[in-house]
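Participant: The structure file model-v7.tsv (TSV, C-alpha atoms and all ligand atoms) is provided below.
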chain	number	residue	atom	x	y	z
A	1	MET	CA	32.31	215.80	54.60
A	2	ILE	CA	34.75	215.35	51.75
A	3	ASP	CA	33.18	216.35	48.45
A	4	GLU	CA	33.75	214.40	45.26
A	5	LYS	CA	36.30	216.83	43.85
A	6	GLN	CA	38.36	216.88	47.05
A	7	ALA	CA	38.29	213.09	47.17
A	8	ARG	CA	39.55	212.90	43.62
A	9	SER	CA	42.58	215.02	44.49
A	10	GLY	CA	42.99	212.99	47.70
A	11	ASN	CA	46.72	213.50	47.81
A	12	SER	CA	46.36	217.27	48.32
A	13	PHE	CA	47.55	216.71	51.91
A	14	ILE	CA	50.67	215.04	50.48
A	15	ASP	CA	51.11	218.01	48.12
A	16	GLU	CA	50.93	220.39	51.08
A	17	ASN	CA	53.59	218.30	52.86
A	18	HIS	CA	55.84	218.57	49.79
A	19	THR	CA	55.42	222.34	49.68
A	20	ALA	CA	56.27	222.60	53.39
A	21	LEU	CA	59.44	220.50	52.88
A	22	LEU	CA	60.49	222.76	50.01
A	23	ASN	CA	59.96	225.84	52.20
A	24	THR	CA	62.13	224.32	54.94
A	25	ILE	CA	64.92	223.47	52.47
A	26	ASN	CA	64.82	227.04	51.12
A	27	SER	CA	64.86	228.51	54.59
A	28	ILE	CA	67.90	226.39	55.66
A	29	SER	CA	69.76	227.53	52.52
A	30	GLN	CA	68.89	231.19	53.13
A	31	VAL	CA	69.94	231.13	56.79
A	32	SER	CA	73.23	229.39	55.86
A	33	GLU	CA	74.04	231.91	53.15
A	34	ARG	CA	73.38	234.82	55.53
A	35	ASP	CA	75.36	233.63	58.51
A	36	TRP	CA	76.79	230.11	58.48
A	37	ASN	CA	77.23	228.29	61.76
A	38	ARG	CA	77.77	224.53	61.98
A	39	GLY	CA	75.68	224.09	65.13
A	40	THR	CA	72.70	226.00	63.72
A	41	PHE	CA	73.01	224.23	60.38
A	42	LEU	CA	73.01	220.74	61.90
A	43	TYR	CA	70.17	221.67	64.24
A	44	ASP	CA	68.06	222.88	61.28
A	45	VAL	CA	68.92	219.78	59.23
A	46	ALA	CA	67.93	217.53	62.15
A	47	GLY	CA	64.58	219.38	62.24
A	48	PHE	CA	64.20	218.85	58.51
A	49	ILE	CA	64.88	215.11	58.83
A	50	LYS	CA	62.18	214.90	61.51
A	51	ASP	CA	59.70	216.70	59.20
A	52	LEU	CA	60.71	214.45	56.32
A	53	GLU	CA	60.20	211.29	58.36
A	54	ASN	CA	56.83	212.55	59.57
A	55	HIS	CA	55.87	213.24	55.96
A	56	HIS	CA	56.93	209.76	54.87
A	57	HIS	CA	54.90	208.31	57.71
A	58	HIS	CA	51.79	210.30	56.66
A	59	GLU	CA	52.31	209.33	53.03
A	60	GLU	CA	52.66	205.64	53.86
A	61	THR	CA	49.53	205.78	56.07
A	62	ILE	CA	47.51	207.33	53.25
A	63	LEU	CA	48.90	204.90	50.67
A	64	LYS	CA	48.22	201.90	52.87
A	65	ALA	CA	44.62	203.03	53.34
A	66	ALA	CA	44.33	203.52	49.57
A	67	GLY	CA	45.63	199.98	48.91
A	68	TYR	CA	48.84	200.97	47.11
A	69	ILE	CA	50.44	197.75	45.91
A	70	ASN	CA	54.05	199.02	45.74
A	71	LEU	CA	54.03	200.31	49.31
A	72	GLY	CA	56.89	198.05	50.45
A	73	THR	CA	59.31	199.29	47.78
A	74	HIS	CA	58.18	202.90	48.24
A	75	SER	CA	58.68	202.75	52.02
A	76	SER	CA	62.19	201.32	51.53
A	77	LYS	CA	63.01	204.32	49.34
A	78	HIS	CA	61.78	206.64	52.11
A	79	ARG	CA	64.02	204.91	54.65
A	80	GLU	CA	67.00	205.11	52.29
A	81	ILE	CA	66.46	208.86	51.75
A	82	SER	CA	66.39	209.67	55.44
A	83	MET	CA	69.38	207.40	56.13
A	84	ARG	CA	71.44	209.01	53.36
A	85	THR	CA	70.43	212.50	54.51
A	86	ARG	CA	71.41	211.75	58.11
A	87	ASP	CA	74.73	210.10	57.09
A	88	SER	CA	75.84	212.82	54.71
A	89	SER	CA	74.91	215.60	57.17
A	90	MET	CA	77.59	214.14	59.48
A	91	GLY	CA	80.26	215.04	56.92
A	92	VAL	CA	79.37	218.76	56.92
A	93	ASP	CA	82.10	220.79	58.59
A	94	ASP	CA	82.17	224.13	56.76
A	95	PHE	CA	80.07	226.40	54.57
A	96	ASN	CA	81.20	224.80	51.27
A	97	SER	CA	80.45	221.26	52.39
A	98	SER	CA	77.05	222.42	53.67
A	99	MET	CA	76.21	223.86	50.24
A	100	LEU	CA	77.22	220.56	48.57
A	101	PHE	CA	75.06	218.73	51.08
A	102	MET	CA	72.09	221.01	50.30
A	103	ASP	CA	72.52	220.41	46.54
A	104	GLU	CA	72.52	216.66	47.08
A	105	LEU	CA	69.53	216.93	49.41
A	106	ARG	CA	67.52	218.89	46.84
A	107	SER	CA	68.30	216.33	44.11
A	108	MET	CA	67.34	213.42	46.32
A	109	ILE	CA	64.09	214.89	47.63
A	110	PHE	CA	62.85	216.41	44.37
A	111	SER	CA	63.82	213.39	42.32
A	112	HIS	CA	61.78	211.16	44.65
A	113	GLU	CA	58.79	213.51	44.46
A	114	LEU	CA	59.00	213.96	40.69
A	115	LEU	CA	59.62	210.33	39.72
A	116	ASP	CA	58.80	207.88	42.55
A	117	ASP	CA	55.78	209.61	44.10
A	118	GLN	CA	54.05	209.70	40.70
A	119	ASP	CA	53.76	205.93	40.83
A	120	TYR	CA	50.78	206.24	43.20
A	121	TRP	CA	48.98	209.13	41.50
A	122	SER	CA	46.57	206.83	39.70
A	123	LEU	CA	45.08	205.96	43.13
A	124	PHE	CA	43.85	209.53	43.49
A	125	ASP	CA	43.62	211.02	40.02
A	126	ASN	CA	41.62	209.97	37.02
A	127	GLN	CA	44.44	210.35	34.51
A	128	ALA	CA	41.98	209.89	31.64
A	129	GLU	CA	40.91	213.46	32.47
A	130	TYR	CA	44.35	214.87	31.78
A	131	LYS	CA	44.05	217.47	29.06
A	132	ILE	CA	47.46	217.14	27.42
A	133	LYS	CA	48.21	213.56	26.45
A	134	TRP	CA	51.73	212.25	26.11
A	135	SER	CA	52.58	211.47	22.49
A	136	THR	CA	55.35	209.32	21.06
A	137	SER	CA	56.20	212.35	18.90
A	138	TYR	CA	57.55	213.99	22.11
A	139	GLU	CA	60.08	211.19	22.66
A	140	THR	CA	63.76	212.07	22.51
A	141	GLY	CA	64.91	208.44	22.57
A	142	ASN	CA	66.72	208.92	25.89
A	143	GLU	CA	64.80	206.81	28.42
A	144	THR	CA	65.61	208.91	31.50
A	145	ILE	CA	64.88	212.21	29.79
A	146	ASP	CA	61.59	210.89	28.36
A	147	LYS	CA	60.53	209.68	31.81
A	148	HIS	CA	61.28	213.14	33.25
A	149	HIS	CA	59.27	214.82	30.48
A	150	GLN	CA	56.28	212.54	31.04
A	151	CYS	CA	56.39	213.20	34.78
A	152	LEU	CA	56.61	216.97	34.22
A	153	LEU	CA	53.68	216.79	31.82
A	154	ASN	CA	51.68	214.83	34.42
A	155	TYR	CA	52.40	217.60	36.92
A	156	ILE	CA	51.11	220.20	34.48
A	157	ASN	CA	47.97	218.16	33.87
A	158	ARG	CA	47.34	217.81	37.57
A	159	LEU	CA	47.92	221.50	38.17
A	160	ASP	CA	45.49	222.23	35.38
A	161	LEU	CA	42.82	220.03	37.00
A	162	ARG	CA	43.43	221.42	40.47
A	163	PHE	CA	43.30	225.04	39.32
A	164	GLY	CA	40.14	224.32	37.34
A	165	GLU	CA	38.56	222.88	40.50
A	166	CYS	CA	39.61	225.77	42.69
A	167	HIS	CA	36.27	227.02	43.99
A	168	ARG	CA	37.66	228.72	47.05
A	169	ASN	CA	38.37	232.41	47.33
A	170	ILE	CA	40.97	234.06	45.12
A	171	GLU	CA	43.61	234.31	47.87
A	172	GLU	CA	43.39	230.58	48.51
A	173	CYS	CA	43.67	229.79	44.80
A	174	GLN	CA	46.66	232.07	44.54
A	175	SER	CA	48.44	230.49	47.46
A	176	LEU	CA	47.70	226.98	46.08
A	177	ALA	CA	49.12	228.04	42.69
A	178	ILE	CA	52.21	229.63	44.21
A	179	GLY	CA	53.01	226.52	46.28
A	180	GLU	CA	52.50	224.21	43.29
A	181	LEU	CA	54.50	226.40	40.92
A	182	LYS	CA	57.40	226.60	43.35
A	183	LEU	CA	57.50	222.81	43.42
A	184	PHE	CA	57.21	222.67	39.63
A	185	TYR	CA	60.14	225.11	39.43
A	186	GLU	CA	62.30	222.75	41.52
A	187	TYR	CA	61.34	219.70	39.44
A	188	SER	CA	62.12	221.59	36.22
A	189	LYS	CA	65.47	222.73	37.59
A	190	LEU	CA	66.31	219.15	38.55
A	191	HIS	CA	65.31	217.95	35.09
A	192	PHE	CA	67.41	220.59	33.31
A	193	LYS	CA	70.41	219.69	35.46
A	194	GLU	CA	69.98	216.01	34.56
A	195	GLU	CA	69.67	216.85	30.87
A	196	GLU	CA	72.73	219.11	30.93
A	197	SER	CA	74.83	216.32	32.45
A	198	THR	CA	74.21	213.89	29.58
A	199	GLY	CA	76.72	213.56	26.75
A	200	SER	CA	74.39	214.56	23.89
A	201	PHE	CA	73.16	217.77	25.50
A	202	HIS	CA	75.42	220.30	23.81
A	203	THR	CA	74.66	219.33	20.20
A	204	VAL	CA	72.12	222.16	19.82
A	205	PRO	CA	73.49	225.69	20.41
A	206	GLY	CA	71.56	227.82	22.88
A	207	HIS	CA	70.01	224.86	24.72
A	208	GLN	CA	71.52	225.75	28.10
A	209	ALA	CA	70.55	229.43	27.70
A	210	GLN	CA	66.99	228.32	26.91
A	211	HIS	CA	66.84	226.33	30.17
A	212	ASP	CA	68.02	229.37	32.12
A	213	SER	CA	65.47	231.53	30.37
A	214	LEU	CA	62.61	229.06	31.07
A	215	LEU	CA	63.45	229.09	34.78
A	216	ILE	CA	63.61	232.89	34.83
A	217	ASP	CA	60.23	232.99	33.11
A	218	LEU	CA	58.74	230.59	35.64
A	219	ALA	CA	60.14	232.60	38.57
A	220	ARG	CA	58.67	235.76	37.04
A	221	LEU	CA	55.29	234.06	36.67
A	222	ILE	CA	55.32	233.11	40.37
A	223	VAL	CA	55.97	236.75	41.33
A	224	GLU	CA	53.18	237.93	39.01
A	225	ILE	CA	50.71	235.51	40.60
A	226	GLU	CA	51.85	236.64	44.05
A	227	ARG	CA	51.05	240.20	42.98
A	228	GLY	CA	47.64	239.14	41.73
A	229	LYS	CA	48.43	239.99	38.11
A	230	PHE	CA	47.15	236.65	36.78
A	231	LEU	CA	44.67	234.08	37.98
A	232	PRO	CA	45.89	230.45	37.93
A	233	ALA	CA	43.00	229.13	35.77
A	234	ASN	CA	44.88	229.27	32.45
A	235	LEU	CA	48.29	228.24	33.71
A	236	GLY	CA	47.94	224.68	32.41
A	237	ASP	CA	47.80	225.92	28.81
A	238	TYR	CA	50.79	228.14	29.32
A	239	LEU	CA	52.92	225.48	31.06
A	240	SER	CA	52.18	222.77	28.51
A	241	TYR	CA	53.33	225.13	25.77
A	242	TRP	CA	56.35	226.07	27.94
A	243	LEU	CA	57.36	222.38	28.19
A	244	ILE	CA	56.33	220.87	24.85
A	245	ASN	CA	57.68	223.68	22.72
A	246	HIS	CA	61.06	223.27	24.42
A	247	ILE	CA	61.03	219.48	23.95
A	248	GLN	CA	60.30	219.89	20.24
A	249	ILE	CA	62.71	222.74	19.49
A	250	PHE	CA	65.66	221.79	21.71
A	251	ASP	CA	65.42	218.37	23.35
A	252	ILE	CA	64.49	216.19	20.39
A	253	PRO	CA	67.21	217.61	18.10
A	254	SER	CA	69.75	217.40	20.96
A	255	PHE	CA	69.13	213.72	21.58
A	256	ALA	CA	68.42	212.68	17.98
A	257	ASN	CA	70.35	209.55	16.92
A	258	LYS	CA	71.76	209.14	20.44
A	259	LYS	CA	69.59	206.21	21.49
B	301	FE	FE	56.40	212.37	49.32
B	302	FE	FE	57.24	209.09	48.70
B	303	FE	FE	66.09	220.84	27.41
B	304	FE	FE	63.84	218.49	28.69
How would this structure read if it were set down as structure tokens?

Facilitator:
Amino acid sequence: MIDEKQARSGNSFIDENHTALLNTINSISQVSERDWNRGTFLYDVAGFIKDLENHHHHEETILKAAGYINLGTHSSKHREISMRTRDSSMGVDDFNSSMLFMDELRSMIFSHELLDDQDYWSLFDNQAEYKIKWSTSYETGNETIDKHHQCLLNYINRLDLRFGECHRNIEECQSLAIGELKLFYEYSKLHFKEEESTGSFHTVPGHQAQHDSLLIDLARLIVEIERGKFLPANLGDYLSYWLINHIQIFDIPSFANKK
């Protein structure tokens, strides 16, 4: 029987799918960097596309059952992602083009998860329970960047709720936290890349170095949790500080007057 808390985080199966996709992407990149071979690469990518399409199918089934009203648009985005992935994999003929392909794949997949998949969260989560509320004082004035920040903050809030509800044994909580933090790392990396590509980014010195340092800090945190040094329960507090402090010190001044 599904208990009330599990039901509330009803997209935990979807989260697990997202973690598995990330692991496959990482494993394809690692194998390619070790010993690149076109046949192996394309075989692994074909396997990934199959996993991705299965995931989209599961997601659509769950969303249909939950009565998601934007299902048609969301499903079209899924189809477009797998079509673009399949098409651009055909152009891979050497190591360099495979690395470009992997970069594009990461952006496409993580951008969909970070931005589009959030559209259905309200079906599963009671967002009124989120601890850290978005405030207009966090706005930079750049619409895309503000949307990214809100989505990242939603992720932190959800992580906070999930970790708070983690009644299973410590190993299970740790592995949940590690999977979630690895995804959060990818979404943050994608966001920083987007921010760094906008014209107003370089107006505050040290901004880029601060992004690099935040990612290093996050990677270190993942290793510490893997080693059992910290329990995930207080991570929400830490991550909200990690994000909001950066928005206030670097992002807002960078984008000021650039609306
Ligand atoms: Fe998804
Ligand atoms: Fe989706
Ligand atoms: Fe930034
Ligand atoms: Fe930012």

Participant: Hey, can you pull every residue with an atom no more than 10 Å from (63.5, 224.1, 21.7), using only C-alpha atoms, and send it as a list in words?

Facilitator: Val204, Gly206, His207, Gln210, His211, Trp242, Leu243, Ile244, Asn245, His246, Ile247, Gln248, Ile249, Phe250, Asp251, Ile252, Pro253 and Ser254 of chain A

Participant: Which value, in Å to one decimal, gives the distance between atom CA of A:Ser200 and atom CA of A:Ser137?

Facilitator: 19.0 Å

Participant: Which neighbours of A:Leu52 fall inside 8 Å, counting all atoms listed in the file, when residues of the same chain fewer than 3 positions from it are skipped, and could you give them as number ranges by chain?

Facilitator: A: 21, 48-49, 55-56, 82

Participant: May I ask which of the residues A:Gln150, A:Thr85, A:Asn11, A:Ser27 is the closest one to ligand FE 302 (chain B), counting only C-alpha atoms and all ligand atoms?

Facilitator: A:Asn11

Participant: Select the residues contacting ligand FE 301 (chain B) at a distance of at most 8 Å, based on only C-alpha atoms and all ligand atoms, then format the selection as a PDB file with C-alpha atoms, keeping the file's coordinate frame.

Facilitator:
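Dumped to part_5.pdb:
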ATOM      1  CA  ILE A  14      50.670 215.040  50.480  1.00  0.00           C
ATOM      2  CA  ASP A  15      51.110 218.010  48.120  1.00  0.00           C
ATOM      3  CA  ASN A  17      53.590 218.300  52.860  1.00  0.00           C
ATOM      4  CA  HIS A  18      55.840 218.570  49.790  1.00  0.00           C
ATOM      5  CA  HIS A  55      55.870 213.240  55.960  1.00  0.00           C
ATOM      6  CA  HIS A  56      56.930 209.760  54.870  1.00  0.00           C
ATOM      7  CA  GLU A  59      52.310 209.330  53.030  1.00  0.00           C
ATOM      8  CA  HIS A 112      61.780 211.160  44.650  1.00  0.00           C
ATOM      9  CA  GLU A 113      58.790 213.510  44.460  1.00  0.00           C
ATOM     10  CA  ASP A 117      55.780 209.610  44.100  1.00  0.00           C
TER      11      ASP A 117
END

Participant: Hey, can you check how far atom CA of A:Glu104 sits from atom CA of A:Lys147?

Facilitator: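 Value for the atom CA of A:Glu104-atom CA of A:Lys147 distance: 20.6 Å.
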
Participant: Hey, which residues come within 12 Å of ligand FE 302 (chain B) if we count all atoms listed in the file? Could you give them as a short mmCIF file (atom, residue, chain, number, x, y, z; two decimals) with C-alpha atoms, keeping the file's coordinate frame?

Facilitator:
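Now in result-v7.cif:
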data_model
loop_
_atom_site.label_atom_id
_atom_site.label_comp_id
_atom_site.auth_asym_id
_atom_site.auth_seq_id
_atom_site.Cartn_x
_atom_site.Cartn_y
_atom_site.Cartn_z
CA ASN A 11 46.72 213.50 47.81
CA ILE A 14 50.67 215.04 50.48
CA ASP A 15 51.11 218.01 48.12
CA ASN A 17 53.59 218.30 52.86
CA HIS A 18 55.84 218.57 49.79
CA LEU A 52 60.71 214.45 56.32
CA GLU A 53 60.20 211.29 58.36
CA ASN A 54 56.83 212.55 59.57
CA HIS A 55 55.87 213.24 55.96
CA HIS A 56 56.93 209.76 54.87
CA HIS A 57 54.90 208.31 57.71
CA HIS A 58 51.79 210.30 56.66
CA GLU A 59 52.31 209.33 53.03
CA GLU A 60 52.66 205.64 53.86
CA THR A 61 49.53 205.78 56.07
CA ILE A 62 47.51 207.33 53.25
CA LEU A 63 48.90 204.90 50.67
CA TYR A 68 48.84 200.97 47.11
CA ASN A 70 54.05 199.02 45.74
CA LEU A 71 54.03 200.31 49.31
CA GLY A 72 56.89 198.05 50.45
CA THR A 73 59.31 199.29 47.78
CA HIS A 74 58.18 202.90 48.24
CA SER A 75 58.68 202.75 52.02
CA SER A 76 62.19 201.32 51.53
CA LYS A 77 63.01 204.32 49.34
CA HIS A 78 61.78 206.64 52.11
CA ARG A 79 64.02 204.91 54.65
CA GLU A 80 67.00 205.11 52.29
CA ILE A 81 66.46 208.86 51.75
CA SER A 82 66.39 209.67 55.44
CA MET A 108 67.34 213.42 46.32
CA ILE A 109 64.09 214.89 47.63
CA PHE A 110 62.85 216.41 44.37
CA SER A 111 63.82 213.39 42.32
CA HIS A 112 61.78 211.16 44.65
CA GLU A 113 58.79 213.51 44.46
CA LEU A 114 59.00 213.96 40.69
CA LEU A 115 59.62 210.33 39.72
CA ASP A 116 58.80 207.88 42.55
CA ASP A 117 55.78 209.61 44.10
CA GLN A 118 54.05 209.70 40.70
CA ASP A 119 53.76 205.93 40.83
CA TYR A 120 50.78 206.24 43.20
CA TRP A 121 48.98 209.13 41.50
#

Participant: Counting only C-alpha atoms, I want the residues whose atoms come within 12 Å of (72.9, 215.6, 24.5) in the file frame, returned as an mmCIF file with C-alpha atoms, in the coordinates of the input.

Facilitator:
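Result file is part-v7.cif:
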data_model
loop_
_atom_site.group_PDB
_atom_site.id
_atom_site.type_symbol
_atom_site.label_atom_id
_atom_site.label_comp_id
_atom_site.auth_asym_id
_atom_site.auth_seq_id
_atom_site.Cartn_x
_atom_site.Cartn_y
_atom_site.Cartn_z
ATOM 1 C CA THR A 140 63.760 212.070 22.510
ATOM 2 C CA GLY A 141 64.910 208.440 22.570
ATOM 3 C CA ASN A 142 66.720 208.920 25.890
ATOM 4 C CA ILE A 145 64.880 212.210 29.790
ATOM 5 C CA PHE A 192 67.410 220.590 33.310
ATOM 6 C CA LYS A 193 70.410 219.690 35.460
ATOM 7 C CA GLU A 194 69.980 216.010 34.560
ATOM 8 C CA GLU A 195 69.670 216.850 30.870
ATOM 9 C CA GLU A 196 72.730 219.110 30.930
ATOM 10 C CA SER A 197 74.830 216.320 32.450
ATOM 11 C CA THR A 198 74.210 213.890 29.580
ATOM 12 C CA GLY A 199 76.720 213.560 26.750
ATOM 13 C CA SER A 200 74.390 214.560 23.890
ATOM 14 C CA PHE A 201 73.160 217.770 25.500
ATOM 15 C CA HIS A 202 75.420 220.300 23.810
ATOM 16 C CA THR A 203 74.660 219.330 20.200
ATOM 17 C CA VAL A 204 72.120 222.160 19.820
ATOM 18 C CA PRO A 205 73.490 225.690 20.410
ATOM 19 C CA HIS A 207 70.010 224.860 24.720
ATOM 20 C CA GLN A 208 71.520 225.750 28.100
ATOM 21 C CA PHE A 250 65.660 221.790 21.710
ATOM 22 C CA ASP A 251 65.420 218.370 23.350
ATOM 23 C CA ILE A 252 64.490 216.190 20.390
ATOM 24 C CA PRO A 253 67.210 217.610 18.100
ATOM 25 C CA SER A 254 69.750 217.400 20.960
ATOM 26 C CA PHE A 255 69.130 213.720 21.580
ATOM 27 C CA ALA A 256 68.420 212.680 17.980
ATOM 28 C CA ASN A 257 70.350 209.550 16.920
ATOM 29 C CA LYS A 258 71.760 209.140 20.440
ATOM 30 C CA LYS A 259 69.590 206.210 21.490
#

Participant: If you count only C-alpha atoms, which residues fall within 12 Å of A:Leu239, apart from same-chain ones fewer than 4 positions away, as a list in words?

Facilitator: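 Near neighbours after the sequence-gap exclusion: Ile132, Leu152, Leu153, Asn154, Tyr155, Ile156, Asn157, Arg158, Leu159, Asp160, Leu181, Phe184, Tyr185, Ser188, Leu214, Leu215, Asp217, Leu218, Leu221, Pro232, Ala233, Asn234, Leu235, Leu243, Ile244, Asn245 and His246 of chain A.
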
Participant: Can you measure atom CA of A:Asp51 to atom CA of A:Leu100 for me? One decimal in Å is fine.

Facilitator: 20.9 Å

Participant: Could you check the closest approach to A:Glu186 for each of A:Ser12, A:Asn37, A:Thr144, A:Asn26 and tell me which residue wins, using only C-alpha atoms?

Facilitator: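 Using only C-alpha atoms, the shortest distance to A:Glu186 belongs to A:Asn26.
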
Participant: Restricting the calculation to all atoms listed in the file, which member of A:Tyr238, A:Lys182, A:His148, A:Met99 is positioned closest to ligand FE 303 (chain B)?

Facilitator: A:His148

Participant: Using all atoms listed in the file, which residue out of A:Tyr187, A:Phe230, A:Tyr241, A:Phe13 lies closest to A:Arg106?

Facilitator: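 Among A:Tyr187, A:Phe230, A:Tyr241, A:Phe13, it is A:Tyr187 that comes nearest to A:Arg106.
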
Participant: Leaving out A:Glu172 and any residue of its chain fewer than 5 positions from it, which residues lie within 12 Å of it when counting only C-alpha atoms, given as a PyMOL selection string?

Facilitator: chain A and resi 163+166-167+177-179+225-226+228+231-232

Participant: From the options A:Asp212, A:Asp93, A:Glu171, A:Glu129, which residue's atoms come nearest to ligand FE 303 (chain B), counting only C-alpha atoms and all ligand atoms?

Facilitator: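 Of all the options, A:Asp212 lies closest to ligand FE 303 (chain B).
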
Participant: Please determine, counting all atoms listed in the file, which residue among A:Val223, A:Met83, A:Ile170, A:Cys151 has the shortest atom-to-atom distance to ligand FE 304 (chain B).

Facilitator: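 For ligand FE 304 (chain B), the nearest of the candidates is A:Cys151.
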
Participant: Pick out the residues sitting within 8 Å of A:Ile28, and hand them over as a compact mmCIF listing (two decimals) with C-alpha atoms, in the coordinates of the input; count all atoms listed in the file, and ignore anything fewer than 3 positions along from it in its own chain.

Facilitator:
# COMPACT_ATOMS: atom_id res chain seq x y z
CA THR A 24 62.13 224.32 54.94
CA ILE A 25 64.92 223.47 52.47
CA VAL A 31 69.94 231.13 56.79
CA SER A 32 73.23 229.39 55.86
CA PHE A 41 73.01 224.23 60.38
CA ASP A 44 68.06 222.88 61.28
CA VAL A 45 68.92 219.78 59.23

Participant: Restrict the output to stretch 73-88 of chain A and N, CA, C and O atoms, then write it as an mmCIF file, in the first residue's frame.

Facilitator:
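Below is the file selection.cif, written as the result:
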data_model
loop_
_atom_site.group_PDB
_atom_site.id
_atom_site.type_symbol
_atom_site.label_atom_id
_atom_site.label_comp_id
_atom_site.auth_asym_id
_atom_site.auth_seq_id
_atom_site.Cartn_x
_atom_site.Cartn_y
_atom_site.Cartn_z
ATOM 1 N N THR A 73 1.406 18.919 -25.254
ATOM 2 C CA THR A 73 2.598 19.727 -25.529
ATOM 3 C C THR A 73 3.831 19.029 -24.973
ATOM 4 O O THR A 73 4.890 18.987 -25.616
ATOM 5 N N HIS A 74 3.697 18.472 -23.760
ATOM 6 C CA HIS A 74 4.854 17.827 -23.127
ATOM 7 C C HIS A 74 5.297 16.601 -23.947
ATOM 8 O O HIS A 74 6.490 16.405 -24.181
ATOM 9 N N SER A 75 4.344 15.817 -24.415
ATOM 10 C CA SER A 75 4.682 14.636 -25.214
ATOM 11 C C SER A 75 5.363 15.040 -26.519
ATOM 12 O O SER A 75 6.296 14.361 -26.986
ATOM 13 N N SER A 76 4.927 16.170 -27.116
ATOM 14 C CA SER A 76 5.576 16.623 -28.357
ATOM 15 C C SER A 76 7.034 16.967 -28.085
ATOM 16 O O SER A 76 7.922 16.696 -28.902
ATOM 17 N N LYS A 77 7.293 17.571 -26.912
ATOM 18 C CA LYS A 77 8.683 17.891 -26.570
ATOM 19 C C LYS A 77 9.511 16.613 -26.438
ATOM 20 O O LYS A 77 10.656 16.557 -26.867
ATOM 21 N N HIS A 78 8.920 15.575 -25.837
ATOM 22 C CA HIS A 78 9.626 14.289 -25.720
ATOM 23 C C HIS A 78 9.997 13.759 -27.106
ATOM 24 O O HIS A 78 11.115 13.314 -27.342
ATOM 25 N N ARG A 79 9.022 13.803 -28.016
ATOM 26 C CA ARG A 79 9.272 13.265 -29.361
ATOM 27 C C ARG A 79 10.370 14.056 -30.056
ATOM 28 O O ARG A 79 11.241 13.500 -30.726
ATOM 29 N N GLU A 80 10.342 15.386 -29.860
ATOM 30 C CA GLU A 80 11.349 16.243 -30.499
ATOM 31 C C GLU A 80 12.740 15.919 -29.961
ATOM 32 O O GLU A 80 13.708 15.838 -30.719
ATOM 33 N N ILE A 81 12.836 15.682 -28.636
ATOM 34 C CA ILE A 81 14.146 15.375 -28.033
ATOM 35 C C ILE A 81 14.699 14.070 -28.608
ATOM 36 O O ILE A 81 15.860 13.999 -29.000
ATOM 37 N N SER A 82 13.859 13.037 -28.682
ATOM 38 C CA SER A 82 14.435 11.786 -29.188
ATOM 39 C C SER A 82 14.755 11.887 -30.683
ATOM 40 O O SER A 82 15.757 11.339 -31.137
ATOM 41 N N MET A 83 13.945 12.652 -31.431
ATOM 42 C CA MET A 83 14.239 12.816 -32.862
ATOM 43 C C MET A 83 15.560 13.560 -33.061
ATOM 44 O O MET A 83 16.414 13.150 -33.844
ATOM 45 N N ARG A 84 15.735 14.642 -32.307
ATOM 46 C CA ARG A 84 16.974 15.429 -32.438
ATOM 47 C C ARG A 84 18.189 14.611 -32.007
ATOM 48 O O ARG A 84 19.249 14.689 -32.617
ATOM 49 N N THR A 85 18.020 13.811 -30.950
ATOM 50 C CA THR A 85 19.142 12.980 -30.476
ATOM 51 C C THR A 85 19.530 11.969 -31.554
ATOM 52 O O THR A 85 20.704 11.806 -31.894
ATOM 53 N N ARG A 86 18.521 11.310 -32.115
ATOM 54 C CA ARG A 86 18.769 10.294 -33.145
ATOM 55 C C ARG A 86 19.442 10.945 -34.370
ATOM 56 O O ARG A 86 20.455 10.462 -34.849
ATOM 57 N N ASP A 87 18.878 12.081 -34.830
ATOM 58 C CA ASP A 87 19.416 12.762 -36.021
ATOM 59 C C ASP A 87 20.858 13.202 -35.809
ATOM 60 O O ASP A 87 21.718 12.950 -36.644
ATOM 61 N N SER A 88 21.121 13.862 -34.650
ATOM 62 C CA SER A 88 22.479 14.386 -34.510
ATOM 63 C C SER A 88 23.487 13.275 -34.233
ATOM 64 O O SER A 88 24.667 13.428 -34.529
#
